[in-house]
Amino acid sequence: MLPGALRALEFERIVEAVRSFALTPLGDESLGRLSPSTDPHKVGQLLAATSETARYLAHNALFPLRASSDLPQLLAALAVEGRALEPLRLLALATFLDSIDESRLSIRRASGTFPLLDLASGSVASFKGETAQVREKIDPSGEVVDHASPDLKAIRERLRKQRSRLRGTLESYLRGKETSKYLQDQVVTERNGRYVIVIKTEHRSSIPGIVHGTSTSGASLFLEPLSTVEINNDIVALEEQEIEEIRRILLALTDEFRGRAGDLHRTIEAATELDVLQARARFSALVDGIEPQLSSDGAFELQAARHPLLMPEVMARLEKTSGAFSAAGRPDETRDVAPKGPVPVTIKIVPPATILLVTGPNTGGKTVALKTAGLLALMAQAGLHIPAADGSRLPVFRSLFADIGDEQSIEASLSTFSAHVTNIAAMDRGLHVPALVLLDEVGSGTDPIEGGALGVAVVDHFRRRGATVMATSHYDALKTYAATTDGVASAAFGFEPETFAPTYHLVYGSPGRSLALEIAARLGLNPSMVAAARQNLSAREAQLAEHLVKIDRDMRALEHEQRLAVRERETLEGAELRMRQREDALRQREETFRRRLNEELETQVRQARREIDDVIADLKSKTSAIEHEAARHAVTTGDTGTVRVGARAAVDEVVRRFLEPVEQSKTAEPAGRAPSIGDRVVVGGLGLEAIVTSVHHGTADLDVRGKRMRASVRDLRIVDGAPAAAQVKVHVELQPREMGSSDLNVIGCSVDEAIARAERFLDESLLTDQRVVRFIHGYGTGQLKRALAGFLQQHPLVARFATAPPEQGGGGVTVVELKE
């Protein structure tokens, strides 16, 4: 990345805004080196880390990093072996290290997973022991406390005693009648580190002692009485010992940190990384940024992109941190909209197109769009989120060039045209694909015809070299080139047709009009001059202008139709969504009803089974009584008939009671109307509720809970009301059988006969309470055995079956155990 391109796109202003979020001097210093990366893998990692930190800060508090402004100097002093840190600096270091540890713990305790933050803070070492010692031995004001060491405590106790003794001696001079008359002031002061009294100059010899100086006027002398010289000497010596002991304590505390240089270095690096991450994340939140996708096919697509330096929030941040930001520092052409914020613009260069030519009126937003494209590409490659909408995607460029603005230089003898050509030549020499080339008013500054031809040649040269190019121009030659060359797209900024005021919206596929004369009139140029300019247009130029007006009108009509189509599609999609929601609601209600219906049916079936079981049990009891009676004398057919009739009547009573609620809950319609498709009916005799699906020739096809059946129309009754549970009709038929037999011999039977007899035999065995029975089928071809095995495997009454033991018939007999 050439420094000139970064400067032209004002990337340093973005860096300044990001630095304003730094919490520590080290983070601020690291952010000052923020620059775009050209490695796609690294760019992906940077963006992922910014996204994760932004997600963390959206739900958690800011990292509690705290550092003093002189932290770099503090760390430099710490690196000097044998140098003790001052008390306040030791406290500052302890505070900084504790805040790093707190940040690490806050990341670990946060709700959610933050693997990149865990990795960044994983190398943080704890210095709780060292920082605790610092706070134990140094008070918040920076004074080393007495109990920092036994020696310091002893020295300070002796100092206090000597100072108290000295004070008493000196005060005796102030109070004594013989000495107080020689004093200039009734005070004890200090000169050269020794305590003295102030006497009058003329009484120099009245009090023996050592003179340590005179007052400015010469009227007073600062005298140390001889009686206090020894005490002062002791105090001076003790103070020196105190200083030495404090230095020893501070050096010991400093060496505790110095002895863990590796841990300290890794911890500080981690803190710097966390500070950089939170600054990038908070800047992303400031601009409402998103993480762009990194395209591998060269697609350059910015959806609803906004220039960050036109955002009031960013401008306020810059003004707060670096003073007022002059209007001259804002991107061109939009100073009138800056207070309201930038108008979003969508910039698309999607393969097979690699060139985008932007045209349109002056002050319409072309240069801002150019700067927005370049600046957002730089921000993304520096790991920053970009102020754009979801769906934005960018390549990772190896080189980025921008020729924007007037680079003329009197000192270098460069005109505007010469400066542009010099920049383009430098781009061509330093180009490495994938590359982004931004050209503002390419070919300008010289004859329009030659400039247009040169502009076409420049753009086409970079296209053939594989660069992604975004250029702005007013030249017809470039508009024609864009309309006739594959891989070149054109777009124009719109304007209000009545006032020619810019809309700042980019319209793709439009060649665009420069509107020089219209905008000149709008900006207040004398109407006569504008009229004269129109007359000076050649017939060809006037015809081309009219053609562009027609194209612009057609494009506006097409856009209007497109908006109507989009609105209609959204309306249809909304109606479809509501319909799907209604269908889902109906489906859920149907499913709930079906579930309740099944539950009710199962309840009724279980009740019916229990009552039928009671009937069967009673029948068994009566059968046992008849068998017992038969042992003594013959039983008449009337007795057995009575038992059968009683059992059948009991079962019919069960069926009647379960059918009665159904009959009562239905409201029959007049008998005159025949069932039709969609009617809810009850099938007579079965008690089943169904829906008529078709009617033909006196019969109806029915849907019974998803099953299809056909019934006579005469057997159907139309009902309304809630569906009732399907009923079960049970028929019990008792056949006389030989009591006590548990074997069935099917030798000589066909397969169908054997299966029929086996089924009847199992039903009778259940009634007689037989739990183990035998089927005698013989060996033969094995066909009967296999058929019976398949039948028994599917039968609901069979618990298990197996070949009989050798003593009970072996392979010619199958033993069956029935369920309880």
# chains A, B, ... in the order shown; residues from 1 in each chain; ligands from 1
>>> residues_around(residues="Lys785 in chain A", least_positions_apart="4", cutoff="10 Å", atoms="only C-alpha atoms", output="list of chain:residue names")
A:Val751, A:Ala754, A:Phe775, A:Ile776, A:His777, A:Gly778, A:Tyr779, A:Gly780, A:Thr781, A:Ala789, A:Gly790, A:Phe791, A:Thr803, A:Gly811, A:Gly812, A:Val813, A:Thr814
>>> residues_around(residues="Arg191 in chain A", least_positions_apart="5", cutoff="9 Å", atoms="only C-alpha atoms", output="list in words")
Val196, His212, Gly213 and Phe222 of chain A
>>> closest_residue(among="A:Thr272, A:Ser69, A:Ser106, A:Ser473", to="Ser30 in chain A", atoms="only C-alpha atoms")
A:Thr272
>>> closest_residue(among="A:Leu766, A:Ile424, A:Val287, A:Leu439", to="Val18 in chain A", atoms="only C-alpha atoms")
A:Val287
>>> select_by_dssp(residues="range 265-501 of chain A", states="strand (DSSP E or B)", output="ChimeraX atom specification")
/A:290,293-294,300-305,345-349,355-359,386,393-394,399-403,409,414,435-439,468-472,488-495
>>> atom_distance(atom1="CA of Ser621 in chain A", atom2="CA of Val651 in chain A")
16.2 Å
>>> residues_around(residues="Ala799 in chain A", least_positions_apart="4", cutoff="12 Å", atoms="only C-alpha atoms", output="PyMOL selection string")
chain A and resi 762+771-773+792-795+815-820
>>> residues_around(residues="Ala17 in chain A", least_positions_apart="4", cutoff="7 Å", atoms="only C-alpha atoms", output="VMD selection string")
chain A and resid 13 314 317 to 318
>>> atom_distance(atom1="CA of Asp118 in chain A", atom2="CA of Val276 in chain A")
14.9 Å
